[in-house]
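S.K.: So here's work_8.cif (mmCIF, C-alpha atoms).
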```cif
data_my_file
#
loop_
_atom_site.label_atom_id
_atom_site.label_comp_id
_atom_site.auth_asym_id
_atom_site.auth_seq_id
_atom_site.Cartn_x
_atom_site.Cartn_y
_atom_site.Cartn_z
CA MET A 1 -19.22 -1.40 5.01
CA ALA A 2 -17.57 1.72 3.55
CA ALA A 3 -20.94 3.43 3.22
CA LEU A 4 -21.75 2.51 6.82
CA LEU A 5 -18.51 3.99 8.05
CA ALA A 6 -19.06 7.13 6.03
CA THR A 7 -22.57 7.48 7.38
CA THR A 8 -21.39 6.91 10.92
CA GLY A 9 -18.57 9.42 10.47
CA SER A 10 -21.00 12.02 9.11
CA ALA A 11 -23.48 11.46 11.95
CA GLN A 12 -21.14 11.67 14.93
CA GLN A 13 -18.19 13.49 13.31
CA LYS A 14 -15.86 11.43 15.47
CA TRP A 15 -13.50 8.87 13.95
CA THR A 16 -11.61 6.33 16.04
CA LEU A 17 -8.28 4.94 14.90
CA GLU A 18 -10.05 1.72 13.92
CA ASP A 19 -12.62 3.68 11.89
CA CYS A 20 -9.87 5.50 10.02
CA ILE A 21 -7.98 2.31 9.20
CA ASN A 22 -11.09 0.39 8.12
CA TYR A 23 -12.24 3.25 5.91
CA ALA A 24 -8.81 3.57 4.27
CA MET A 25 -8.61 -0.17 3.62
CA GLN A 26 -11.83 -0.04 1.63
CA ASN A 27 -11.61 3.34 -0.07
CA SER A 28 -7.94 4.04 -0.76
CA ILE A 29 -7.37 4.55 -4.49
CA THR A 30 -3.83 3.25 -4.09
CA LEU A 31 -5.14 0.01 -2.60
CA LYS A 32 -7.78 -0.27 -5.31
CA LYS A 33 -5.06 -0.01 -7.94
CA SER A 34 -3.10 -2.68 -6.11
CA LYS A 35 -6.17 -4.94 -6.18
CA LEU A 36 -6.33 -4.49 -9.95
CA GLN A 37 -2.75 -5.73 -10.12
CA MET A 38 -3.81 -8.75 -8.06
CA ALA A 39 -6.67 -9.44 -10.49
CA SER A 40 -4.27 -9.12 -13.43
CA ALA A 41 -1.87 -11.62 -11.82
CA THR A 42 -4.76 -14.02 -11.29
CA GLU A 43 -5.67 -13.79 -14.99
CA ASP A 44 -2.05 -14.52 -15.93
CA LEU A 45 -2.16 -17.63 -13.73
CA ARG A 46 -5.37 -18.83 -15.36
CA GLN A 47 -3.83 -18.29 -18.78
CA SER A 48 -0.68 -20.24 -17.92
CA LYS A 49 -2.82 -23.17 -16.72
CA ALA A 50 -4.92 -23.02 -19.88
CA ASN A 51 -1.74 -23.22 -21.96
CA LEU A 52 -1.28 -26.80 -20.72
CA LEU A 53 -4.37 -27.86 -22.68
CA PRO A 54 -4.63 -28.57 -26.43
CA SER A 55 -5.83 -25.80 -28.69
CA LEU A 56 -8.68 -26.31 -31.16
CA SER A 57 -9.66 -24.07 -34.04
CA LEU A 58 -12.30 -24.14 -36.77
CA SER A 59 -11.50 -22.43 -40.05
CA THR A 60 -13.15 -21.87 -43.40
CA ASN A 61 -12.12 -20.03 -46.52
CA GLN A 62 -14.41 -18.90 -49.32
CA SER A 63 -12.89 -17.39 -52.44
CA LEU A 64 -14.40 -15.99 -55.60
CA GLY A 65 -12.42 -16.00 -58.86
CA TYR A 66 -12.81 -14.50 -62.33
CA ARG A 67 -11.26 -15.63 -65.65
CA PRO A 68 -12.07 -12.94 -68.25
CA TRP A 69 -10.49 -14.68 -71.28
CA LEU A 70 -11.87 -18.16 -70.73
CA ASP A 71 -13.37 -19.39 -74.05
CA SER A 72 -14.32 -22.99 -73.24
CA GLY A 73 -16.86 -24.29 -70.88
CA THR A 74 -19.18 -27.23 -70.27
CA SER A 75 -21.70 -28.66 -72.74
CA THR A 76 -24.97 -30.38 -71.95
CA VAL A 77 -27.57 -32.06 -74.26
CA THR A 78 -31.20 -31.27 -73.55
CA ASN A 79 -33.94 -32.67 -75.84
CA GLY A 80 -31.43 -33.18 -78.61
CA THR A 81 -30.02 -29.69 -78.25
CA VAL A 82 -26.44 -29.10 -77.26
CA ASN A 83 -26.03 -26.19 -74.81
CA THR A 84 -22.61 -24.78 -74.06
CA LYS A 85 -22.01 -22.68 -70.94
CA VAL A 86 -18.88 -20.68 -70.32
CA SER A 87 -18.58 -19.66 -66.64
CA LYS A 88 -15.90 -17.05 -66.15
CA THR A 89 -16.75 -16.66 -62.45
CA TYR A 90 -16.03 -19.46 -60.01
CA TYR A 91 -15.63 -19.97 -56.25
CA ASN A 92 -13.76 -22.35 -53.98
CA GLY A 93 -14.53 -23.26 -50.39
CA SER A 94 -12.46 -25.04 -47.73
CA TYR A 95 -13.41 -26.16 -44.21
CA GLY A 96 -11.12 -27.43 -41.49
CA LEU A 97 -10.97 -28.37 -37.83
CA ASN A 98 -7.43 -28.33 -36.41
CA ALA A 99 -5.94 -29.19 -33.03
CA SER A 100 -2.45 -28.84 -31.59
CA TRP A 101 -0.92 -29.76 -28.25
CA THR A 102 2.53 -29.16 -26.85
CA VAL A 103 3.21 -32.43 -25.08
CA TRP A 104 6.57 -31.48 -23.61
CA ASN A 105 8.82 -28.45 -23.96
CA GLY A 106 11.32 -28.96 -21.19
CA ASN A 107 8.59 -28.25 -18.61
CA GLN A 108 8.47 -24.63 -19.67
CA ASN A 109 4.67 -24.56 -19.61
CA ARG A 110 4.48 -26.12 -16.14
CA ASN A 111 7.23 -23.88 -14.81
CA GLN A 112 5.32 -20.93 -16.21
CA VAL A 113 2.34 -21.99 -14.10
CA ARG A 114 4.58 -22.07 -11.01
CA LEU A 115 5.97 -18.65 -11.91
CA SER A 116 2.46 -17.23 -12.31
CA GLU A 117 1.46 -18.68 -8.94
CA VAL A 118 4.40 -16.89 -7.31
CA ALA A 119 3.53 -13.66 -9.14
CA GLU A 120 -0.04 -13.86 -7.84
CA GLN A 121 1.21 -14.29 -4.27
CA GLN A 122 3.60 -11.38 -4.71
CA ALA A 123 0.76 -9.17 -5.96
CA GLU A 124 -1.20 -9.99 -2.80
CA LEU A 125 1.84 -9.17 -0.65
CA ASP A 126 2.33 -5.90 -2.52
CA TRP A 127 -1.23 -4.97 -1.53
CA THR A 128 -0.49 -5.88 2.09
CA GLU A 129 2.72 -3.83 2.08
CA THR A 130 0.83 -0.81 0.79
CA ALA A 131 -1.93 -1.34 3.35
CA ASN A 132 0.61 -1.55 6.19
CA SER A 133 2.28 1.65 5.05
CA ILE A 134 -1.06 3.47 5.02
CA GLN A 135 -1.95 2.15 8.48
CA GLU A 136 1.37 3.35 9.90
CA ARG A 137 0.86 6.82 8.47
CA ILE A 138 -2.70 6.94 9.82
CA ALA A 139 -1.47 6.00 13.30
CA GLN A 140 1.25 8.66 13.19
CA LEU A 141 -1.18 11.41 12.20
CA TYR A 142 -3.80 10.17 14.67
CA VAL A 143 -1.38 10.30 17.61
CA GLN A 144 -0.09 13.67 16.47
CA ILE A 145 -3.67 14.98 16.56
CA LEU A 146 -4.11 13.58 20.08
CA TYR A 147 -0.91 15.28 21.19
CA MET A 148 -1.86 18.63 19.66
CA THR A 149 -5.35 18.44 21.17
CA GLU A 150 -3.97 17.99 24.68
CA ALA A 151 -1.22 20.54 24.05
CA ILE A 152 -3.88 23.12 23.24
CA SER A 153 -5.57 22.37 26.57
CA VAL A 154 -2.27 22.98 28.36
CA ASN A 155 -1.78 26.23 26.44
CA LYS A 156 -5.27 27.35 27.39
CA GLN A 157 -4.52 26.68 31.05
CA SER A 158 -1.34 28.71 30.66
CA LEU A 159 -3.34 31.52 29.04
CA GLU A 160 -5.79 31.53 31.93
CA THR A 161 -2.89 31.83 34.36
CA SER A 162 -1.43 34.69 32.30
CA ARG A 163 -4.76 36.51 32.40
CA LEU A 164 -4.95 36.14 36.15
CA ASN A 165 -1.40 37.43 36.47
CA GLU A 166 -2.24 40.37 34.22
CA GLN A 167 -5.34 41.20 36.28
CA ARG A 168 -3.33 40.97 39.49
CA GLY A 169 -0.69 43.22 37.93
CA GLN A 170 -3.28 45.82 37.02
CA GLN A 171 -4.49 45.83 40.61
CA MET A 172 -0.92 46.23 41.87
CA VAL A 173 -0.31 49.11 39.46
CA GLU A 174 -3.41 50.83 40.76
CA VAL A 175 -2.11 50.64 44.34
CA GLY A 176 1.42 51.57 43.29
CA LYS A 177 3.07 48.22 43.97
CA MET A 178 4.06 47.56 40.30
CA SER A 179 5.31 49.68 37.48
CA LYS A 180 3.53 49.93 34.16
CA ALA A 181 6.63 48.44 32.50
CA ASP A 182 6.22 45.25 34.54
CA LEU A 183 2.52 45.18 33.70
CA ALA A 184 3.42 45.47 30.03
CA GLN A 185 5.53 42.31 30.38
CA LEU A 186 2.56 40.46 31.88
CA THR A 187 0.38 41.70 29.02
CA ALA A 188 3.00 40.53 26.51
CA GLN A 189 3.05 37.13 28.21
CA ARG A 190 -0.72 36.86 27.89
CA ALA A 191 -0.55 37.86 24.20
CA THR A 192 2.20 35.28 23.61
CA ASP A 193 0.02 32.56 25.13
CA GLU A 194 -2.86 33.60 22.87
CA TYR A 195 -0.55 33.40 19.86
CA ASN A 196 0.67 29.95 20.94
CA ILE A 197 -2.93 28.73 21.09
CA VAL A 198 -3.70 30.06 17.60
CA GLU A 199 -0.56 28.43 16.23
CA ALA A 200 -1.31 25.11 17.95
CA GLU A 201 -4.89 25.14 16.66
CA SER A 202 -3.56 25.83 13.15
CA ASN A 203 -1.18 22.86 13.43
CA LEU A 204 -4.02 20.70 14.71
CA ALA A 205 -6.22 21.67 11.77
CA ASN A 206 -3.36 20.88 9.39
CA TYR A 207 -2.85 17.40 10.86
CA LYS A 208 -6.58 16.71 10.61
CA LEU A 209 -6.48 17.85 6.98
CA GLN A 210 -3.57 15.50 6.26
CA LEU A 211 -5.46 12.62 7.83
CA LYS A 212 -8.60 13.46 5.88
CA GLN A 213 -6.61 13.60 2.65
CA LEU A 214 -4.92 10.30 3.48
CA LEU A 215 -8.37 8.77 3.93
CA GLU A 216 -9.31 10.40 0.60
CA ILE A 217 -12.42 12.02 2.02
CA THR A 218 -13.26 14.74 -0.48
CA ASP A 219 -16.65 15.96 0.72
CA GLU A 220 -17.12 19.10 2.79
CA GLN A 221 -18.43 17.34 5.86
CA PRO A 222 -16.67 18.36 9.09
CA PHE A 223 -13.96 15.89 10.03
CA ASP A 224 -12.84 15.18 13.55
CA ILE A 225 -11.47 12.24 15.50
CA GLU A 226 -12.50 10.59 18.71
CA VAL A 227 -10.11 11.61 21.46
CA PRO A 228 -9.66 8.61 23.76
CA GLN A 229 -8.68 8.94 27.37
CA THR A 230 -4.96 8.18 27.40
CA SER A 231 -3.42 7.54 30.78
CA ASP A 232 0.12 7.80 32.03
CA ALA A 233 -0.01 4.04 32.57
CA GLN A 234 -0.14 3.51 28.80
CA ALA A 235 3.14 5.33 28.36
CA LEU A 236 4.64 3.39 31.26
CA ALA A 237 3.59 -0.03 29.91
CA ASP A 238 6.30 -2.62 29.29
CA ILE A 239 8.04 -2.32 25.93
CA PRO A 240 8.63 -5.65 24.17
CA SER A 241 12.21 -6.67 23.52
CA LEU A 242 13.78 -5.75 20.22
CA ILE A 243 14.56 -9.37 19.31
CA SER A 244 11.04 -10.62 20.03
CA VAL A 245 9.53 -7.97 17.77
CA TYR A 246 12.07 -8.64 15.01
CA GLU A 247 11.57 -12.41 15.08
CA ALA A 248 7.79 -12.01 14.93
CA ALA A 249 8.14 -9.52 12.07
CA LEU A 250 10.40 -11.87 10.09
CA ALA A 251 7.64 -14.47 10.17
CA SER A 252 4.75 -12.18 9.28
CA ARG A 253 5.82 -9.00 7.48
CA PRO A 254 4.87 -8.99 3.76
CA GLU A 255 8.11 -7.31 2.63
CA ILE A 256 10.10 -10.30 3.92
CA GLN A 257 7.71 -12.84 2.42
CA ASN A 258 7.81 -10.95 -0.86
CA ALA A 259 11.60 -11.03 -0.93
CA GLU A 260 11.57 -14.76 -0.18
CA LEU A 261 9.15 -15.28 -3.07
CA GLY A 262 11.56 -13.30 -5.24
CA ILE A 263 14.21 -15.99 -4.62
CA ARG A 264 11.70 -18.71 -5.46
CA SER A 265 10.74 -16.87 -8.64
CA SER A 266 14.38 -16.55 -9.69
CA ASN A 267 14.88 -20.29 -9.24
CA ILE A 268 11.93 -21.00 -11.52
CA ASN A 269 13.33 -18.57 -14.09
CA ILE A 270 16.59 -20.53 -14.07
CA ASP A 271 14.64 -23.72 -14.87
CA LEU A 272 12.79 -21.90 -17.64
CA ALA A 273 16.04 -20.65 -19.14
CA ARG A 274 17.64 -24.11 -19.03
CA ALA A 275 14.66 -25.55 -20.89
CA GLY A 276 15.95 -23.78 -23.98
CA LYS A 277 18.47 -26.63 -24.38
CA LEU A 278 15.78 -29.32 -24.34
CA PRO A 279 13.69 -30.66 -27.23
CA THR A 280 10.03 -29.85 -27.76
CA VAL A 281 7.42 -32.48 -28.61
CA SER A 282 4.04 -31.48 -29.98
CA LEU A 283 1.07 -33.25 -31.57
CA THR A 284 -1.14 -31.91 -34.32
CA GLY A 285 -4.29 -33.21 -35.93
CA GLY A 286 -7.05 -32.01 -38.18
CA VAL A 287 -9.96 -32.83 -40.46
CA GLY A 288 -11.04 -30.87 -43.49
CA THR A 289 -12.69 -30.79 -46.89
CA ASN A 290 -13.12 -28.43 -49.83
CA THR A 291 -15.53 -27.62 -52.61
CA ALA A 292 -15.31 -25.85 -55.99
CA SER A 293 -17.90 -24.53 -58.45
CA MET A 294 -15.82 -25.84 -61.36
CA ASN A 295 -16.46 -29.40 -60.18
CA SER A 296 -19.34 -31.25 -61.83
CA ASN A 297 -20.23 -33.05 -58.57
CA SER A 298 -22.77 -31.61 -56.15
CA TRP A 299 -21.68 -29.60 -53.12
CA GLY A 300 -22.59 -32.41 -50.72
CA LYS A 301 -20.73 -35.04 -52.73
CA GLN A 302 -17.66 -32.83 -52.92
CA VAL A 303 -17.69 -32.37 -49.15
CA LYS A 304 -17.77 -36.14 -48.75
CA THR A 305 -15.25 -37.14 -51.42
CA ASN A 306 -12.76 -34.37 -50.52
CA PHE A 307 -12.87 -35.08 -46.78
CA ASP A 308 -9.48 -35.87 -45.26
CA ALA A 309 -8.03 -36.31 -41.76
CA SER A 310 -4.45 -36.09 -40.52
CA VAL A 311 -2.45 -36.50 -37.36
CA GLY A 312 1.20 -35.76 -36.78
CA ALA A 313 3.96 -35.38 -34.25
CA THR A 314 6.72 -32.80 -34.25
CA VAL A 315 10.00 -33.02 -32.40
CA SER A 316 12.19 -29.94 -32.35
CA VAL A 317 15.76 -30.28 -31.03
CA PRO A 318 17.76 -27.06 -30.50
CA LEU A 319 21.31 -27.40 -31.78
CA PHE A 320 22.71 -23.90 -32.01
CA ASP A 321 20.84 -20.78 -30.95
CA ASN A 322 23.56 -18.12 -31.07
CA ARG A 323 24.16 -18.43 -27.31
CA LYS A 324 20.62 -17.29 -26.45
CA THR A 325 20.01 -20.11 -23.96
CA LYS A 326 23.35 -19.71 -22.22
CA THR A 327 22.83 -15.97 -21.90
CA ALA A 328 19.31 -16.51 -20.52
CA VAL A 329 20.60 -19.01 -17.93
CA ASN A 330 23.43 -16.70 -16.83
CA LYS A 331 21.08 -13.72 -16.48
CA ALA A 332 18.61 -15.85 -14.52
CA GLN A 333 21.39 -16.88 -12.14
CA LEU A 334 22.43 -13.25 -11.73
CA GLN A 335 18.82 -12.41 -10.92
CA HIS A 336 18.85 -15.15 -8.30
CA GLN A 337 21.88 -13.55 -6.65
CA GLN A 338 20.09 -10.20 -6.82
CA SER A 339 17.02 -11.73 -5.11
CA VAL A 340 19.18 -13.12 -2.30
CA LEU A 341 20.66 -9.66 -1.77
CA ASP A 342 17.16 -8.14 -1.88
CA LEU A 343 16.09 -10.46 0.93
CA GLN A 344 19.13 -9.56 3.02
CA GLU A 345 18.47 -5.86 2.38
CA ALA A 346 14.79 -6.26 3.35
CA GLN A 347 15.78 -8.02 6.58
CA LYS A 348 18.33 -5.32 7.35
CA GLN A 349 15.83 -2.55 6.67
CA LEU A 350 13.20 -4.27 8.78
CA TYR A 351 15.62 -4.57 11.69
CA ALA A 352 16.63 -0.91 11.34
CA THR A 353 12.99 0.22 11.33
CA ILE A 354 12.07 -1.87 14.38
CA GLU A 355 15.24 -0.81 16.19
CA SER A 356 14.36 2.83 15.54
CA TYR A 357 10.84 2.40 16.94
CA TRP A 358 12.17 0.42 19.90
CA LEU A 359 14.83 3.01 20.69
CA ASP A 360 12.33 5.86 20.39
CA ALA A 361 9.88 4.02 22.65
CA ASN A 362 12.48 3.44 25.37
CA THR A 363 14.02 6.90 25.10
CA ASN A 364 10.69 8.69 25.24
CA GLN A 365 9.48 6.49 28.08
CA GLN A 366 12.51 7.55 30.12
CA LYS A 367 11.92 11.16 29.09
CA PHE A 368 8.29 10.83 30.18
CA LYS A 369 9.29 9.59 33.62
CA ALA A 370 11.73 12.45 34.02
CA ALA A 371 9.25 14.98 32.61
CA THR A 372 6.55 13.81 35.01
CA ALA A 373 8.79 14.49 37.98
CA ASN A 374 9.86 17.77 36.41
CA VAL A 375 6.25 18.94 35.98
CA GLU A 376 5.51 18.26 39.64
CA SER A 377 8.61 20.16 40.67
CA GLU A 378 7.98 23.11 38.33
CA GLN A 379 4.32 23.28 39.37
CA LEU A 380 5.29 23.46 43.02
CA SER A 381 7.95 26.03 42.25
CA TYR A 382 5.55 28.18 40.25
CA ASP A 383 2.87 28.04 42.95
CA LEU A 384 5.44 29.28 45.46
CA LEU A 385 6.64 31.98 43.08
CA SER A 386 3.07 33.16 42.51
CA GLU A 387 2.45 33.47 46.22
CA GLN A 388 5.75 35.26 46.77
CA PHE A 389 5.03 37.56 43.85
CA ARG A 390 1.66 38.42 45.36
CA LEU A 391 3.41 39.30 48.58
CA GLY A 392 5.98 41.38 46.71
CA LEU A 393 8.88 39.03 47.48
CA LYS A 394 9.55 38.05 43.84
CA ASN A 395 9.82 40.24 40.80
CA ILE A 396 8.06 39.92 37.43
CA VAL A 397 11.05 38.31 35.69
CA GLU A 398 11.19 35.48 38.21
CA LEU A 399 7.45 34.91 37.91
CA MET A 400 7.52 34.77 34.09
CA THR A 401 10.57 32.52 34.12
CA GLY A 402 8.82 30.12 36.46
CA LYS A 403 5.73 30.09 34.27
CA THR A 404 7.76 29.45 31.12
CA ASN A 405 9.61 26.60 32.83
CA LEU A 406 6.30 25.04 33.90
CA LEU A 407 4.84 25.29 30.40
CA ASN A 408 7.95 23.75 28.84
CA ALA A 409 7.87 20.90 31.34
CA GLN A 410 4.20 20.22 30.61
CA GLN A 411 4.82 20.24 26.84
CA ASN A 412 7.83 17.93 27.23
CA LYS A 413 5.71 15.53 29.26
CA LEU A 414 2.96 15.47 26.63
CA GLN A 415 5.36 15.03 23.75
CA SER A 416 7.27 12.16 25.36
CA LYS A 417 4.00 10.55 26.46
CA TYR A 418 2.46 10.41 22.99
CA LEU A 419 5.71 9.50 21.25
CA THR A 420 6.05 6.57 23.65
CA ILE A 421 2.46 5.44 22.99
CA LEU A 422 2.94 5.80 19.21
CA ASN A 423 6.14 3.76 19.11
CA GLN A 424 4.65 1.13 21.42
CA GLN A 425 1.74 0.77 18.99
CA LEU A 426 4.07 0.54 16.00
CA LEU A 427 6.12 -2.18 17.70
CA GLN A 428 2.88 -4.01 18.41
CA PHE A 429 1.88 -3.61 14.74
CA TYR A 430 5.21 -5.05 13.57
CA LYS A 431 4.60 -8.07 15.79
CA GLY A 432 1.46 -8.73 13.77
CA GLU A 433 -0.99 -7.31 16.31
CA THR A 434 -3.64 -4.64 15.85
CA MET A 435 -2.95 -1.03 16.78
CA ASN A 436 -5.44 0.19 19.35
CA ILE A 437 -5.25 3.56 21.05
#
```
Take the structure in the file and write it out as structure tokens.

M.R.:
Amino acid sequence: MAALLATTGSAQQKWTLEDCINYAMQNSITLKKSKLQMASATEDLRQSKANLLPSLSLSTNQSLGYRPWLDSGTSTVTNGTVNTKVSKTYYNGSYGLNASWTVWNGNQNRNQVRLSEVAEQQAELDWTETANSIQERIAQLYVQILYMTEAISVNKQSLETSRLNEQRGQQMVEVGKMSKADLAQLTAQRATDEYNIVEAESNLANYKLQLKQLLEITDEQPFDIEVPQTSDAQALADIPSLISVYEAALASRPEIQNAELGIRSSNINIDLARAGKLPTVSLTGGVGTNTASMNSNSWGKQVKTNFDASVGATVSVPLFDNRKTKTAVNKAQLQHQQSVLDLQEAQKQLYATIESYWLDANTNQQKFKAATANVESEQLSYDLLSEQFRLGLKNIVELMTGKTNLLNAQQNKLQSKYLTILNQQLLQFYKGETMNI
């Protein structure tokens, strides 16, 4: 999938918002690291479950000994001849199969399984939190690029108007209807518009670079985004209520779920700490045998005659542990209180974030409505000023002031439009829906 997206991006050089998000979800190094943490948590869970089972081990020991001052040995009679052998080197061998099983330890092993299950869920939520943060940043940069792209178009239209004004001024100078000083102002206005375009294009390139770096695209292929047709109707769409977004976010946002799991984890840790006061019951068993070179019996007979088996039970009752259990319980309870506060803080922060997006969406929507009316008014005013200037009824200062007012109104309209769309999308995202521009 990642390769397909990369190939598609290289072929058409146009990335939609969905393309950017999908690519980041599969190629982000930060997310890959988070997935490793998820895998590690899964291994911890498997280990805690395996700890419920008995353990079994096979052992053997082979040792070689040397007695340099040994002066007696074993004697054998062969054909009437007595042979005496002194063996100063000897070896011993032992073989054993042992098993042990913790039958009950105050439910510590089972609570550890529960704790590992919570940790695995938290690792998954950590990944989701990181993914959400990346998606928000992608959306912010994407909308900023859209805004700058359209702002450049407006600046180019302004530049074209400035050029026409400059040409008209040159004609008026030639016929003696305008001074060269006034023409110089028109030329300066045209140069200023050219500078504004260069600066806007530089800002646009910088935002594209930030987005490319966020996507961690390191090749030298040209990078550009698909510029969708955004309408005024999108900015004028209904904004969901603050409470509806917050309630939906409480039920779906990973930071809230993670904080709730933190409380659950702290409760399990309290149970684990209290288990330090309870006895532990364990079973052990084993079979084994041993052999020795100093024994006159054969190796096989030694294995058989020395074979033994054992089984046992151990009960350990804690009586005095230098306050370790009490301290552990108290600290676990303090951690529980901390987890409750963490949840309240997460809820408060979530509400503040949503309220900020909601306020920005409403404020910029109202600004957009006002800016739309202002652009129409300034455009009409500038058209009239241009005609009056042509007829010699308005001076150069009035014309330039009208043009500046029109450009400011157009920029204000664009800015409020895209800020409204961005915050609408973020509110939609916090409700658990997909961002789509």

S.K.: Determine, for each residue of stretch 76-180 of chain A having at least one atom at most 8 Å from an atom of stretch 417-420 of chain A, the closest pair of atoms and their separation in Å to one decimal, counting only C-alpha atoms; order by chain and ascending number, as a tab-separated table.

M.R.:
```
residue	atom	partner	partner_atom	distance
A:Val143	CA	A:Tyr418	CA	6.6
A:Gln144	CA	A:Tyr418	CA	7.7
A:Leu146	CA	A:Tyr418	CA	7.9
A:Tyr147	CA	A:Tyr418	CA	6.2
```

S.K.: Just the selected residues (C-alpha atoms), exported as a PDB file, keeping the file's coordinate frame, please.

M.R.:
```pdb
ATOM      1  CA  VAL A 143      -1.380  10.300  17.610  1.00  0.00           C
ATOM      2  CA  GLN A 144      -0.090  13.670  16.470  1.00  0.00           C
ATOM      3  CA  LEU A 146      -4.110  13.580  20.080  1.00  0.00           C
ATOM      4  CA  TYR A 147      -0.910  15.280  21.190  1.00  0.00           C
TER       5      TYR A 147
END
```

S.K.: Rank nothing, just name the residue among A:Leu214, A:Val175, A:Val118, A:Leu283 nearest to A:Pro54, using only C-alpha atoms.

M.R.: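 Checking each candidate against A:Pro54, we get A:Leu283 as the closest.
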
S.K.: Using all atoms listed in the file, which residues sit within 10 Å of A:Ile243 once same-chain residues fewer than 6 positions away are excluded, as a list of chain:residue names?

M.R.: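 That gives A:Ala249, A:Tyr351, A:Ile354, A:Glu355.
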
S.K.: Give as a list in words the residues that the PyMOL selection byres ((chain A and resi 416) around 10) matches when applied to the coordinates above.

M.R.: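 Listing what the PyMOL selection byres ((chain A and resi 416) around 10) selects in the shown file: Tyr147, Ala235, Asp360, Ala361, Thr363, Asn364, Gln365, Gln366, Lys367, Phe368, Lys369, Ala370, Ala371, Thr372, Gln411, Asn412, Lys413, Leu414, Gln415, Lys417, Tyr418, Leu419, Thr420, Ile421 and Leu422 of chain A.
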
S.K.: Name the residues, using the chain letters and numbers of the file, that sit within 10 Å of (-5.6, -29.8, -37.3) when counting only C-alpha atoms, and give them as a short mmCIF file (atom, residue, chain, number, x, y, z; two decimals) with C-alpha atoms, in the coordinates of the input.

M.R.:
```cif
data_model
loop_
_atom_site.label_atom_id
_atom_site.label_comp_id
_atom_site.auth_asym_id
_atom_site.auth_seq_id
_atom_site.Cartn_x
_atom_site.Cartn_y
_atom_site.Cartn_z
CA SER A 55 -5.83 -25.80 -28.69
CA LEU A 56 -8.68 -26.31 -31.16
CA SER A 57 -9.66 -24.07 -34.04
CA LEU A 58 -12.30 -24.14 -36.77
CA SER A 59 -11.50 -22.43 -40.05
CA GLY A 96 -11.12 -27.43 -41.49
CA LEU A 97 -10.97 -28.37 -37.83
CA ASN A 98 -7.43 -28.33 -36.41
CA ALA A 99 -5.94 -29.19 -33.03
CA SER A 100 -2.45 -28.84 -31.59
CA LEU A 283 1.07 -33.25 -31.57
CA THR A 284 -1.14 -31.91 -34.32
CA GLY A 285 -4.29 -33.21 -35.93
CA GLY A 286 -7.05 -32.01 -38.18
CA VAL A 287 -9.96 -32.83 -40.46
CA GLY A 288 -11.04 -30.87 -43.49
CA ALA A 309 -8.03 -36.31 -41.76
CA SER A 310 -4.45 -36.09 -40.52
CA VAL A 311 -2.45 -36.50 -37.36
CA GLY A 312 1.20 -35.76 -36.78
#
```

S.K.: Pick from A:Ala352, A:Met178, A:Val329, A:Ile217: nearest to A:Lys394, with all atoms listed in the file counted?

M.R.: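 That would be A:Met178, the residue with the smallest distance to A:Lys394.
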
S.K.: Evaluated on this file, the PyMOL selection byres ((chain A and resi 257-274) around 7) picks out some residues - which ones are they, written as a ChimeraX atom specification?

M.R.: /A:108,111,115,118,122,125,253-256,275-277,325,328-329,332-333,335-336,339-340,342-343

S.K.: Between A:Leu45, A:Leu183, A:Ile21, A:Ala39, which one has atoms that come closest to A:Arg137, using all atoms listed in the file?

M.R.: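 Among the listed residues, the smallest separation from A:Arg137 belongs to A:Ile21.
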
S.K.: By how many Å are atom CA of A:Lys212 and atom CA of A:Asn423 apart?

M.R.: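 A separation of 22.1 Å between them.
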
S.K.: Nearest residue to A:Met172 out of A:Gly392, A:Leu406, A:Gln185, A:Leu427, using only C-alpha atoms?

M.R.: A:Gly392

S.K.: If you count only C-alpha atoms, which residues fall within 10 Å of A:Pro228, apart from same-chain ones fewer than 6 positions away, as a VMD selection string?

M.R.: chain A and resid 16 to 17 146 437

S.K.: Would you list the contacts of A:Glu18 as a list in words, taking every protein, DNA or RNA residue within 10 Å and counting all atoms listed in the file, but skipping same-chain residues closer than 3 positions in sequence?

M.R.: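 With the cut-off at 10 Å, the set is Trp15, Ile21, Asn22, Tyr23, Ala24, Gln135, Ile138, Ala139, Thr434, Met435, Asn436 and Ile437 of chain A.
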
S.K.: Can you give me, as a list in words, the residues this file yields under the PyMOL selection byres ((chain A and resi 187) around 10)?

M.R.: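 Written out, the selection comes to Ser162, Arg163, Asn165, Glu166, Gln167, Gly169, Gln170, Ala181, Asp182, Leu183, Ala184, Gln185, Leu186, Ala188, Gln189, Arg190, Ala191, Thr192 and Asp193 of chain A.
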
S.K.: Calculate how many Å separate atom CA of A:Pro222 from atom CA of A:Asn155, rounding to one decimal.

M.R.: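 Atom CA of A:Asn155 lies 24.2 Å from atom CA of A:Pro222.
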
S.K.: Could you tell me how far atom CA of A:Ile239 lies from atom CA of A:Tyr430, in Å and to one decimal?

M.R.: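 About the pair atom CA of A:Ile239 and atom CA of A:Tyr430: they are 13.0 Å apart.
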
S.K.: A:Glu433: which residues within 12 Å, counting all atoms listed in the file, same-chain residues fewer than 4 positions away excluded, as a list in words?

M.R.: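 Result of the neighbour search: Asn132, Val245, Ala248, Ala249, Ser252, Arg253, Gln424, Gln425, Leu426, Leu427, Gln428 and Phe429 of chain A.
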